[in-house]
file model_39.cif (mmCIF, C-alpha atoms)
data_model
loop_
_atom_site.label_atom_id
_atom_site.label_comp_id
_atom_site.auth_asym_id
_atom_site.auth_seq_id
_atom_site.Cartn_x
_atom_site.Cartn_y
_atom_site.Cartn_z
CA MET A 596 54.89 -5.08 -11.07
CA ASN A 597 55.59 -4.34 -14.79
CA GLY A 598 54.26 -7.07 -17.04
CA GLN A 599 52.51 -8.82 -14.19
CA ARG A 600 48.77 -9.01 -13.77
CA ARG A 601 47.78 -7.04 -10.71
CA ARG A 602 45.71 -8.71 -8.03
CA SER A 603 42.10 -7.74 -7.41
CA GLY A 604 42.93 -6.38 -3.96
CA GLU A 605 45.49 -4.01 -5.42
CA ILE A 606 43.07 -2.88 -8.13
CA LEU A 607 40.42 -2.22 -5.50
CA ALA A 608 42.86 -0.25 -3.32
CA TRP A 609 43.87 1.93 -6.26
CA ALA A 610 40.21 2.47 -7.16
CA LEU A 611 39.36 3.60 -3.63
CA LEU A 612 42.35 5.96 -3.57
CA ARG A 613 41.47 7.49 -6.93
CA ILE A 614 37.82 7.95 -5.92
CA ARG A 615 38.85 9.85 -2.81
CA ARG A 616 41.15 12.12 -4.81
CA GLY A 617 39.14 12.58 -7.99
CA THR A 618 36.42 15.21 -8.13
CA GLN A 619 35.08 13.92 -11.46
CA ARG A 620 33.99 10.72 -9.70
CA ALA A 621 31.17 12.70 -8.08
CA ALA A 622 29.20 12.75 -11.35
CA PRO A 623 28.22 9.05 -11.42
CA MET A 624 27.73 9.04 -7.65
CA VAL A 625 25.29 11.94 -7.72
CA ALA A 626 23.54 10.55 -10.80
CA ALA A 627 23.16 7.14 -9.17
CA LEU A 628 21.83 8.67 -5.93
CA ALA A 629 19.27 10.88 -7.65
CA THR A 630 17.99 8.35 -10.17
CA THR A 631 17.91 5.45 -7.70
CA LEU A 632 15.99 7.57 -5.21
CA LEU A 633 13.53 8.71 -7.88
CA VAL A 634 13.01 5.35 -9.61
CA ALA A 635 12.88 3.27 -6.43
CA ALA A 636 10.50 5.69 -4.71
CA LEU A 637 8.13 5.89 -7.69
CA GLY A 638 8.28 2.14 -8.30
CA GLY A 639 7.71 1.26 -4.66
CA LEU A 640 4.88 3.77 -4.32
CA ALA A 641 3.14 2.55 -7.47
CA TRP A 642 3.47 -1.09 -6.37
CA ASN A 643 2.11 -0.31 -2.93
CA LEU A 644 -0.77 1.70 -4.34
CA GLN A 645 -1.76 -1.06 -6.72
CA ALA A 646 -1.14 -4.02 -4.44
CA THR A 647 -2.51 -2.80 -1.11
CA ILE A 648 -4.37 0.50 -1.19
CA ALA A 649 -6.19 -0.13 -4.46
CA SER A 650 -6.82 -3.73 -3.47
CA ASP A 651 -8.37 -2.68 -0.16
CA LEU A 652 -10.51 0.04 -1.70
CA VAL A 653 -11.54 -1.37 -5.04
CA ASP A 654 -11.13 -5.13 -5.15
CA GLY A 655 -13.35 -5.44 -2.08
CA SER A 656 -15.90 -3.00 -3.49
CA LEU A 657 -15.98 -4.74 -6.86
CA ALA A 658 -17.05 -7.98 -5.14
CA VAL A 659 -19.95 -6.42 -3.19
CA ILE A 660 -23.63 -6.33 -4.16
CA ASP A 661 -26.04 -3.99 -2.40
CA VAL A 662 -29.43 -5.65 -1.82
CA GLY A 663 -32.25 -3.41 -0.62
CA ALA A 664 -35.79 -4.03 0.57
CA ASP A 665 -37.12 -0.47 0.34
CA ALA A 666 -37.69 -0.43 -3.41
CA ALA A 667 -41.17 -0.99 -4.82
CA ASP A 668 -42.02 -4.68 -5.25
CA ALA A 669 -38.67 -5.70 -3.73
CA ARG A 670 -38.62 -8.98 -1.85
CA PRO A 671 -38.33 -8.42 1.95
CA LEU A 672 -35.02 -9.29 3.55
CA THR A 673 -36.31 -11.61 6.26
CA ALA A 674 -34.38 -14.37 8.00
CA THR A 675 -35.57 -16.85 5.36
CA ALA A 676 -34.52 -14.54 2.52
CA LEU A 677 -31.11 -13.86 4.03
CA GLY A 678 -30.56 -17.59 4.46
CA ALA A 679 -31.51 -18.22 0.83
CA ILE A 680 -29.05 -15.56 -0.35
CA ALA A 681 -26.24 -17.05 1.75
CA GLU A 682 -26.76 -20.43 0.08
CA LEU A 683 -26.35 -19.12 -3.46
CA GLU A 684 -23.27 -20.32 -5.30
CA GLY A 685 -20.51 -17.72 -5.31
CA VAL A 686 -21.62 -15.93 -2.13
CA ARG A 687 -18.89 -15.54 0.46
CA SER A 688 -20.92 -13.74 3.11
CA VAL A 689 -24.10 -11.77 3.72
CA GLU A 690 -23.82 -8.64 5.88
CA PRO A 691 -27.26 -7.31 6.94
CA ALA A 692 -27.62 -3.62 7.74
CA LEU A 693 -29.59 -2.86 10.88
CA ASP A 694 -30.34 0.34 12.78
CA GLY A 695 -33.30 2.11 14.33
CA ALA A 696 -32.37 2.07 18.02
CA SER A 697 -29.97 3.83 20.38
CA LEU A 698 -27.68 3.25 23.34
CA TYR A 699 -28.05 5.59 26.32
CA ALA A 700 -25.48 6.30 28.99
CA ALA A 701 -26.91 5.28 32.37
CA ASP A 702 -26.13 8.76 33.71
CA GLY A 703 -27.77 10.42 30.71
CA GLY A 704 -24.50 11.89 29.46
CA TRP A 705 -24.80 10.76 25.85
CA VAL A 706 -26.97 8.93 23.32
CA LEU A 707 -25.50 6.99 20.38
CA PRO A 708 -27.55 5.56 17.52
CA ILE A 709 -26.61 1.95 16.75
CA ALA A 710 -25.80 0.09 13.55
CA ALA A 711 -24.82 -3.46 12.76
CA PHE A 712 -21.12 -3.76 11.93
CA GLN A 713 -20.46 -4.90 8.35
CA ALA A 714 -17.10 -6.57 7.78
CA SER A 715 -16.72 -5.15 4.26
CA GLN A 716 -16.99 -1.61 5.67
CA PRO A 717 -14.71 -1.49 8.73
CA PRO A 718 -13.59 1.85 10.14
CA PRO A 719 -9.92 2.66 9.42
CA GLY A 720 -7.66 1.10 12.02
CA VAL A 721 -10.26 -1.41 13.22
CA THR A 722 -8.98 -4.95 12.69
CA GLU A 723 -11.48 -6.90 14.77
CA PRO A 724 -15.29 -6.65 14.58
CA PRO A 725 -17.19 -6.19 17.84
CA GLY A 726 -18.14 -9.51 19.38
CA PRO A 727 -21.38 -10.40 21.17
CA GLY A 728 -22.00 -8.03 24.06
CA ALA A 729 -19.48 -5.47 22.76
CA PHE A 730 -19.52 -2.33 20.66
CA LEU A 731 -17.32 0.19 18.88
CA ALA A 732 -17.76 3.93 19.41
CA PRO A 733 -16.30 7.14 17.96
CA ALA A 734 -13.15 8.17 19.79
CA ARG A 735 -14.98 11.29 20.97
CA ALA A 736 -18.67 12.11 20.71
CA GLN A 737 -21.11 14.35 22.60
CA GLY A 738 -18.40 15.40 25.02
CA ALA A 739 -17.51 11.82 25.98
CA ASP A 740 -13.98 10.42 25.56
CA PHE A 741 -14.71 6.86 24.45
CA ALA A 742 -11.09 6.19 23.42
CA ALA A 743 -10.05 6.45 27.07
CA ARG A 744 -12.58 3.82 28.09
CA VAL A 745 -11.77 1.07 25.59
CA GLY A 746 -11.86 -2.30 27.32
CA GLU A 747 -14.32 -1.21 30.00
CA GLN A 748 -17.77 -2.65 30.53
CA LEU A 749 -20.23 0.24 30.47
CA ASP A 750 -23.60 0.44 32.19
CA LEU A 751 -26.06 1.50 29.49
CA GLU A 752 -29.76 1.63 28.79
CA ILE A 753 -31.94 0.72 25.83
CA THR A 754 -35.61 1.30 25.10
CA THR A 755 -37.95 -1.67 25.48
CA ARG A 756 -41.51 -1.54 24.20
CA THR A 757 -44.07 -2.27 26.90
CA GLY A 758 -47.33 -1.40 25.12
CA ALA A 759 -48.85 -0.04 21.94
CA GLU A 760 -47.48 3.45 22.54
CA GLU A 761 -45.39 2.84 25.63
CA GLY A 762 -41.79 2.05 26.36
CA ALA A 763 -39.37 1.83 29.25
CA SER A 764 -35.62 2.06 29.77
CA THR A 765 -33.93 -1.30 30.31
CA PRO A 766 -30.40 -1.55 31.72
CA ILE A 767 -27.79 -3.37 29.64
CA ALA A 768 -24.03 -3.83 30.08
CA LEU A 769 -21.81 -3.78 27.00
CA THR A 770 -18.04 -3.80 26.66
CA LEU A 771 -16.44 -1.00 24.66
CA SER A 772 -14.07 -3.05 22.50
CA GLY A 773 -12.64 -0.25 20.39
CA ALA A 774 -12.86 3.32 19.14
CA TYR A 775 -12.63 4.78 15.64
CA ASP A 776 -11.99 8.17 14.09
CA PRO A 777 -15.20 10.23 14.42
CA ALA A 778 -14.49 11.84 11.05
CA TRP A 779 -15.23 8.46 9.43
CA GLN A 780 -19.02 8.42 9.01
CA VAL A 781 -19.92 5.64 6.59
CA TYR A 782 -22.62 4.43 8.99
CA GLY A 783 -23.56 7.99 9.95
CA PRO A 784 -22.25 10.49 12.50
CA GLY A 785 -21.53 9.28 16.02
CA VAL A 786 -22.74 5.69 15.55
CA ALA A 787 -22.15 2.79 17.93
CA LEU A 788 -21.26 -0.32 15.94
CA LEU A 789 -22.38 -3.71 17.26
CA SER A 790 -22.40 -7.25 16.00
CA PHE A 791 -25.53 -8.06 14.03
CA GLU A 792 -26.80 -10.37 16.77
CA THR A 793 -26.43 -7.74 19.50
CA ALA A 794 -27.94 -5.00 17.33
CA LEU A 795 -30.85 -7.31 16.48
CA GLU A 796 -31.59 -7.90 20.17
CA ILE A 797 -31.70 -4.14 20.84
CA VAL A 798 -33.82 -3.28 17.80
CA ALA A 799 -36.22 -6.17 18.49
CA ALA A 800 -36.56 -5.07 22.15
CA ARG A 801 -37.50 -1.59 20.96
CA GLU A 802 -40.36 -3.16 19.01
CA GLY A 803 -41.30 -5.50 21.84
CA MET A 804 -40.42 -8.62 19.87
CA THR A 805 -37.96 -11.49 20.07
CA PRO A 806 -34.95 -11.24 17.76
CA GLU A 807 -36.12 -14.24 15.73
CA GLY A 808 -39.65 -12.90 15.42
CA TYR A 809 -38.49 -9.44 14.40
CA LEU A 810 -36.09 -10.73 11.74
CA GLU A 811 -38.68 -13.06 10.23
CA SER A 812 -41.51 -10.54 10.18
CA ALA A 813 -39.90 -7.11 9.70
CA GLY A 814 -36.52 -8.14 8.30
CA VAL A 815 -33.75 -5.67 7.52
CA VAL A 816 -33.78 -2.72 5.17
CA SER A 817 -30.66 -3.73 3.23
CA ALA A 818 -27.72 -6.11 3.15
CA LEU A 819 -24.32 -6.32 1.50
CA VAL A 820 -23.72 -9.57 -0.38
CA VAL A 821 -19.99 -10.26 -0.74
CA ALA A 822 -19.11 -12.45 -3.72
CA ARG A 823 -16.13 -14.77 -3.74
CA SER A 824 -14.61 -12.80 -6.63
CA PRO A 825 -15.50 -9.72 -8.71
CA ALA A 826 -16.10 -12.01 -11.70
CA GLN A 827 -19.09 -13.57 -9.92
CA VAL A 828 -20.83 -10.26 -9.22
CA GLY A 829 -22.61 -10.12 -12.57
CA PRO A 830 -24.14 -13.62 -12.44
CA LEU A 831 -25.03 -13.21 -8.76
CA THR A 832 -26.73 -9.87 -9.37
CA ALA A 833 -28.81 -11.39 -12.15
CA GLU A 834 -29.75 -14.36 -9.96
CA LEU A 835 -30.73 -12.13 -7.05
CA ARG A 836 -32.92 -10.02 -9.29
CA ALA A 837 -34.53 -13.15 -10.68
CA LEU A 838 -35.39 -14.14 -7.10
CA GLY A 839 -37.16 -10.81 -6.57
CA PHE A 840 -34.46 -8.90 -4.71
CA ALA A 841 -33.50 -5.30 -5.53
CA ALA A 842 -29.81 -5.89 -6.18
CA SER A 843 -27.16 -3.61 -7.64
CA PRO A 844 -23.36 -4.00 -7.70
CA LEU A 845 -21.58 -1.54 -5.44
CA ALA A 846 -19.20 -0.85 -8.33
CA ASP A 847 -22.06 0.94 -10.13
CA ARG A 848 -21.99 3.59 -7.41
CA LEU A 849 -18.26 4.08 -7.73
CA GLY A 850 -18.56 5.35 -11.28
CA ARG A 851 -15.23 5.38 -13.07
CA LEU A 852 -13.15 4.85 -9.93
CA PRO A 853 -12.74 1.06 -10.39
CA ALA A 854 -11.64 1.54 -13.99
CA VAL A 855 -9.10 4.13 -12.88
CA PHE A 856 -7.64 1.80 -10.26
CA THR A 857 -7.55 -1.16 -12.65
CA LEU A 858 -5.20 0.92 -14.82
CA LEU A 859 -2.70 1.12 -11.98
CA PRO A 860 -0.75 -2.01 -13.03
CA LEU A 861 -0.31 -0.54 -16.53
CA ALA A 862 0.65 2.84 -15.10
CA ALA A 863 3.11 1.16 -12.76
CA GLY A 864 4.63 -0.73 -15.70
CA VAL A 865 4.98 2.42 -17.78
CA ALA A 866 6.51 4.30 -14.83
CA ALA A 867 8.94 1.43 -14.22
CA GLY A 868 9.94 1.36 -17.91
CA LEU A 869 10.52 5.11 -18.07
CA GLY A 870 12.36 5.01 -14.77
CA LEU A 871 14.62 2.23 -16.03
CA LEU A 872 15.46 4.23 -19.16
CA ILE A 873 16.28 7.27 -17.03
CA LEU A 874 18.40 5.13 -14.74
CA LEU A 875 20.38 3.57 -17.58
CA ALA A 876 20.80 6.86 -19.43
CA SER A 877 21.97 8.78 -16.37
CA THR A 878 24.33 5.98 -15.35
CA ALA A 879 25.82 5.79 -18.84
CA THR A 880 26.24 9.56 -19.04
CA GLY A 881 27.85 9.82 -15.60
CA ILE A 882 30.28 6.96 -16.17
CA ALA A 883 31.20 8.11 -19.68
CA THR A 884 31.88 11.61 -18.36
CA MET A 885 34.07 10.20 -15.59
CA VAL A 886 36.12 8.04 -17.95
CA ARG A 887 36.60 10.85 -20.49
CA GLY A 888 37.99 13.01 -17.73
CA GLN A 889 40.63 10.38 -16.95
CA VAL A 890 42.12 9.83 -20.42
CA ARG A 891 45.45 11.43 -19.48
CA ASP A 892 45.56 9.59 -16.12
CA LEU A 893 44.98 6.29 -17.88
CA ALA A 894 47.71 7.07 -20.38
CA LEU A 895 50.15 7.76 -17.53
CA LEU A 896 49.28 4.42 -15.97
CA ARG A 897 50.06 2.64 -19.22
CA VAL A 898 53.38 4.46 -19.52
CA ASN A 899 54.20 3.35 -15.97
CA GLY A 900 53.69 -0.31 -16.75
CA TRP A 901 50.00 -0.95 -16.25
CA SER A 902 48.46 -3.36 -18.73
CA VAL A 903 45.34 -2.49 -20.70
CA ALA A 904 43.45 -5.28 -18.93
CA ASP A 905 44.43 -3.98 -15.47
CA ILE A 906 43.47 -0.40 -16.40
CA ARG A 907 40.12 -1.63 -17.68
CA ARG A 908 39.57 -3.47 -14.39
CA LEU A 909 40.55 -0.33 -12.48
CA VAL A 910 38.06 1.82 -14.42
CA VAL A 911 35.28 -0.71 -13.85
CA ALA A 912 36.10 -0.90 -10.13
CA GLU A 913 36.10 2.89 -9.80
CA SER A 914 32.80 3.18 -11.64
CA VAL A 915 31.12 0.44 -9.64
CA LEU A 916 32.32 1.87 -6.32
CA ALA A 917 31.13 5.37 -7.22
CA THR A 918 27.78 4.03 -8.38
CA VAL A 919 27.35 1.78 -5.34
CA GLY A 920 27.89 4.71 -3.00
CA GLY A 921 25.23 6.83 -4.67
CA ALA A 922 22.80 4.02 -5.46
CA LEU A 923 22.88 2.57 -1.95
CA THR A 924 22.23 5.99 -0.44
CA GLY A 925 19.33 6.61 -2.81
CA GLY A 926 17.95 3.11 -2.30
CA VAL A 927 18.02 3.39 1.49
CA LEU A 928 16.33 6.80 1.38
CA ALA A 929 13.65 5.47 -0.97
CA ALA A 930 13.05 2.35 1.14
CA LEU A 931 12.62 4.48 4.26
CA ALA A 932 10.56 7.33 2.80
CA THR A 933 8.22 5.49 0.42
CA PRO A 934 6.25 3.55 3.08
CA LEU A 935 5.57 6.82 4.92
CA VAL A 936 4.30 8.49 1.74
CA ALA A 937 2.20 5.43 0.87
CA SER A 938 0.76 5.37 4.39
CA ALA A 939 -0.27 9.02 4.08
CA ALA A 940 -1.85 8.31 0.68
CA ALA A 941 -3.71 5.31 2.12
CA GLU A 942 -5.10 7.42 4.94
CA LEU A 943 -6.34 10.07 2.49
CA LEU A 944 -8.06 7.35 0.44
CA GLY A 945 -9.65 5.74 3.50
CA SER A 946 -7.51 2.60 3.51
CA ASP A 947 -5.39 1.29 6.36
CA PRO A 948 -3.03 -1.46 5.11
CA GLY A 949 -0.49 -1.01 7.92
CA ILE A 950 3.09 0.19 7.65
CA ALA A 951 4.51 -3.35 7.62
CA ALA A 952 2.57 -4.19 4.45
CA LEU A 953 3.90 -1.02 2.83
CA ALA A 954 7.57 -1.50 3.76
CA TRP A 955 8.78 -4.60 1.96
CA ARG A 956 7.81 -3.65 -1.60
CA PRO A 957 9.88 -0.43 -1.68
CA ALA A 958 12.78 -2.41 -0.19
CA VAL A 959 12.56 -5.00 -2.98
CA VAL A 960 12.31 -2.28 -5.64
CA SER A 961 15.29 -0.45 -4.13
CA VAL A 962 17.45 -3.60 -4.20
CA VAL A 963 16.53 -4.28 -7.85
CA VAL A 964 17.22 -0.67 -8.86
CA VAL A 965 20.59 -0.66 -7.06
CA LEU A 966 21.62 -3.90 -8.79
CA LEU A 967 20.54 -2.56 -12.19
CA SER A 968 22.44 0.67 -11.61
CA VAL A 969 25.61 -1.14 -10.57
CA GLY A 970 25.35 -3.60 -13.47
CA ALA A 971 24.83 -0.80 -15.98
CA SER A 972 27.78 1.08 -14.48
CA ALA A 973 30.10 -1.91 -14.93
CA VAL A 974 29.06 -2.46 -18.56
CA VAL A 975 29.32 1.20 -19.54
CA ALA A 976 32.67 1.62 -17.76
CA ARG A 977 34.14 -1.36 -19.59
CA LEU A 978 33.01 -0.05 -22.97
CA ALA A 979 34.17 3.51 -22.21
CA ALA A 980 37.56 2.29 -21.00
CA ARG A 981 38.06 0.19 -24.11
CA ARG A 982 37.41 3.23 -26.27
CA SER A 983 39.67 5.51 -24.24
CA LEU A 984 42.57 3.05 -24.32
CA ARG A 985 42.69 2.75 -28.10
CA THR A 986 44.91 5.82 -28.48
CA ASP A 987 48.67 5.55 -27.99
CA PRO A 988 49.40 6.76 -24.41
CA TYR A 989 52.43 8.85 -25.51
CA LEU A 990 50.29 10.70 -28.04
CA VAL A 991 47.72 11.45 -25.32
CA ILE A 992 50.36 12.75 -22.91
CA GLY A 993 52.06 14.83 -25.59
CA ARG A 994 48.76 16.26 -26.81
CA ASP A 995 47.69 17.27 -23.32
CA GLY A 996 51.07 18.76 -22.48
CA ALA A 997 53.07 16.33 -20.40
#

call {"tool": "encode", "arguments": {"input": "model_39.cif", "output": "structure tokens"}}
result
Amino acid sequence: MNGQRRRSGEILAWALLRIRRGTQRAAPMVAALATTLLVAALGGLAWNLQATIASDLVDGSLAVIDVGADAADARPLTATALGAIAELEGVRSVEPALDGASLYAADGGWVLPIAAFQASQPPPGVTEPPGPGAFLAPARAQGADFAARVGEQLDLEITTRTGAEEGASTPIALTLSGAYDPAWQVYGPGVALLSFETALEIVAAREGMTPEGYLESAGVVSALVVARSPAQVGPLTAELRALGFAASPLADRLGRLPAVFTLLPLAAGVAAGLGLLILLASTATGIATMVRGQVRDLALLRVNGWSVADIRRLVVAESVLATVGGALTGGVLAALATPLVASAAAELLGSDPGIAALAWRPAVVSVVVVLLSVGASAVVARLAARRSLRTDPYLVIGRDGA
């Protein structure tokens, strides 16, 4: 083989053999595993937090305006008023709030106050709003296990007004379409959530009125106006106030939280930049250390007929293989662990993006980090090999005590 260029297969076989026998090859492998795991996990977590959790929590809230009717001189939120709000430019939807009545178990086992379901405030894990003739209930409340009865039609009672100071129980059948975590109490503790139309029928019956008559005369206490984008909240709020409504952006109640979450893209960029520097530095250090430890071995290869080009290819192959082993392990661990951590963080923050939405971003980040690590390994190995091969091989062997 002297004087002949060795084939890639032979180079690869030698590289694999030397990796198995060389303890110094562990340095770049461990460095690649640790840095890939760290960088990919942080990058994937930051991307998930910004793209899904923060989007669910803040972007939706930034586009919502709270309109109330209980302030002094505020315009009532009647059917006509709600219709006028829905027709304003930039309004995506109007979600009236309605309560003031209760559902009773026919056997008297429990009583749940009702509220109209608002799509911008769904309980965690609830993907579909209750339809007409259906309701959502806490998983457990007042000793009743509602989670076990999801899908059943329940025989219930409501209060119907029969006179000035008189009322009677009226039977009603509603389907329990879902259950939510009782610890989530945005609408209040132990609340049954119904569609606005169903809730309106029950509240109107309690007052002895038709739904249309109740909504036009009494109206609702408040409503959430969802804008098409956060940029339209300011103009819409001003327009609503000009029309006599007591309107305030929901973002005002969140204080500094929206500003904190809007910094997430910058934070993610800084974290990615620092992570990339750590990745490149650790890869360069590990590969340089490995090559320096092989100076005598490389000199022996040259004495035994290996060309400088073949030795350089061998060093690059060894470095890439060692890095691939560590980087792939770290990348796989990061891709598997990061969605679980992000899911736990989402639950703590009250968001529920779903594990599928949290899985692909860490996988993409892991692939990119692995490719960067391998690419950096190849470049550094080539440069380190070139430097190590400048010295006459016989001088190296004699200096190290052949």

call {"tool": "residues_around", "arguments": {"input": "model_39.cif", "residues": "stretch 800-817 of chain A", "least_positions_apart": "6", "cutoff": "9 Å", "atoms": "only C-alpha atoms", "output": "list in words"}}
result
Asp661, Val662, Gly663, Ala664, Asp665, Pro671, Leu672, Thr673, Ala674, Thr675, Ala676, Leu677, Glu690, Pro691, Ala692, Leu693, Asp694, Gly695, Ala696, Ile753, Thr754, Thr755, Arg756, Thr757, Gly758, Gly762 and Glu792 of chain A

call {"tool": "residues_around", "arguments": {"input": "model_39.cif", "residues": "stretch 733-743 of chain A", "least_positions_apart": "4", "cutoff": "9 Å", "atoms": "all atoms listed in the file", "output": "list in words"}}
result
Gly704, Trp705, Val706, Leu707, Leu771, Gly773, Ala774, Tyr775, Asp776, Pro777, Ala778, Trp779, Pro784, Gly785, Val786 and Ala787 of chain A

call {"tool": "write_last_selection", "arguments": {"input": "model_39.cif", "atoms": "C-alpha atoms", "output": "compact mmCIF listing (two decimals), in the frame of the given file"}}
result
# COMPACT_ATOMS: atom_id res chain seq x y z
CA GLY A 704 -24.50 11.89 29.46
CA TRP A 705 -24.80 10.76 25.85
CA VAL A 706 -26.97 8.93 23.32
CA LEU A 707 -25.50 6.99 20.38
CA LEU A 771 -16.44 -1.00 24.66
CA GLY A 773 -12.64 -0.25 20.39
CA ALA A 774 -12.86 3.32 19.14
CA TYR A 775 -12.63 4.78 15.64
CA ASP A 776 -11.99 8.17 14.09
CA PRO A 777 -15.20 10.23 14.42
CA ALA A 778 -14.49 11.84 11.05
CA TRP A 779 -15.23 8.46 9.43
CA PRO A 784 -22.25 10.49 12.50
CA GLY A 785 -21.53 9.28 16.02
CA VAL A 786 -22.74 5.69 15.55
CA ALA A 787 -22.15 2.79 17.93

call {"tool": "closest_residue", "arguments": {"input": "model_39.cif", "among": "A:Val828, A:Leu789, A:Val634, A:Ala759", "to": "A:Val965", "atoms": "all atoms listed in the file"}}
result
A:Val634

call {"tool": "residues_around", "arguments": {"input": "model_39.cif", "residues": "stretch 985-993 of chain A", "least_positions_apart": "2", "cutoff": "10 Å", "atoms": "all atoms listed in the file", "output": "PyMOL selection string"}}
result
chain A and resi 890-898+903+980-983+995-997

call {"tool": "write_last_selection", "arguments": {"input": "model_39.cif", "atoms": "C-alpha atoms", "output": "mmCIF file, keeping the file's coordinate frame"}}
result
data_model
loop_
_atom_site.group_PDB
_atom_site.id
_atom_site.type_symbol
_atom_site.label_atom_id
_atom_site.label_comp_id
_atom_site.auth_asym_id
_atom_site.auth_seq_id
_atom_site.Cartn_x
_atom_site.Cartn_y
_atom_site.Cartn_z
ATOM 1 C CA VAL A 890 42.120 9.830 -20.420
ATOM 2 C CA ARG A 891 45.450 11.430 -19.480
ATOM 3 C CA ASP A 892 45.560 9.590 -16.120
ATOM 4 C CA LEU A 893 44.980 6.290 -17.880
ATOM 5 C CA ALA A 894 47.710 7.070 -20.380
ATOM 6 C CA LEU A 895 50.150 7.760 -17.530
ATOM 7 C CA LEU A 896 49.280 4.420 -15.970
ATOM 8 C CA ARG A 897 50.060 2.640 -19.220
ATOM 9 C CA VAL A 898 53.380 4.460 -19.520
ATOM 10 C CA VAL A 903 45.340 -2.490 -20.700
ATOM 11 C CA ALA A 980 37.560 2.290 -21.000
ATOM 12 C CA ARG A 981 38.060 0.190 -24.110
ATOM 13 C CA ARG A 982 37.410 3.230 -26.270
ATOM 14 C CA SER A 983 39.670 5.510 -24.240
ATOM 15 C CA ASP A 995 47.690 17.270 -23.320
ATOM 16 C CA GLY A 996 51.070 18.760 -22.480
ATOM 17 C CA ALA A 997 53.070 16.330 -20.400
#

call {"tool": "closest_residue", "arguments": {"input": "model_39.cif", "among": "A:Gly685, A:Ser877, A:Ser972, A:Asp905", "to": "A:Ala917", "atoms": "only C-alpha atoms"}}
result
A:Ser972
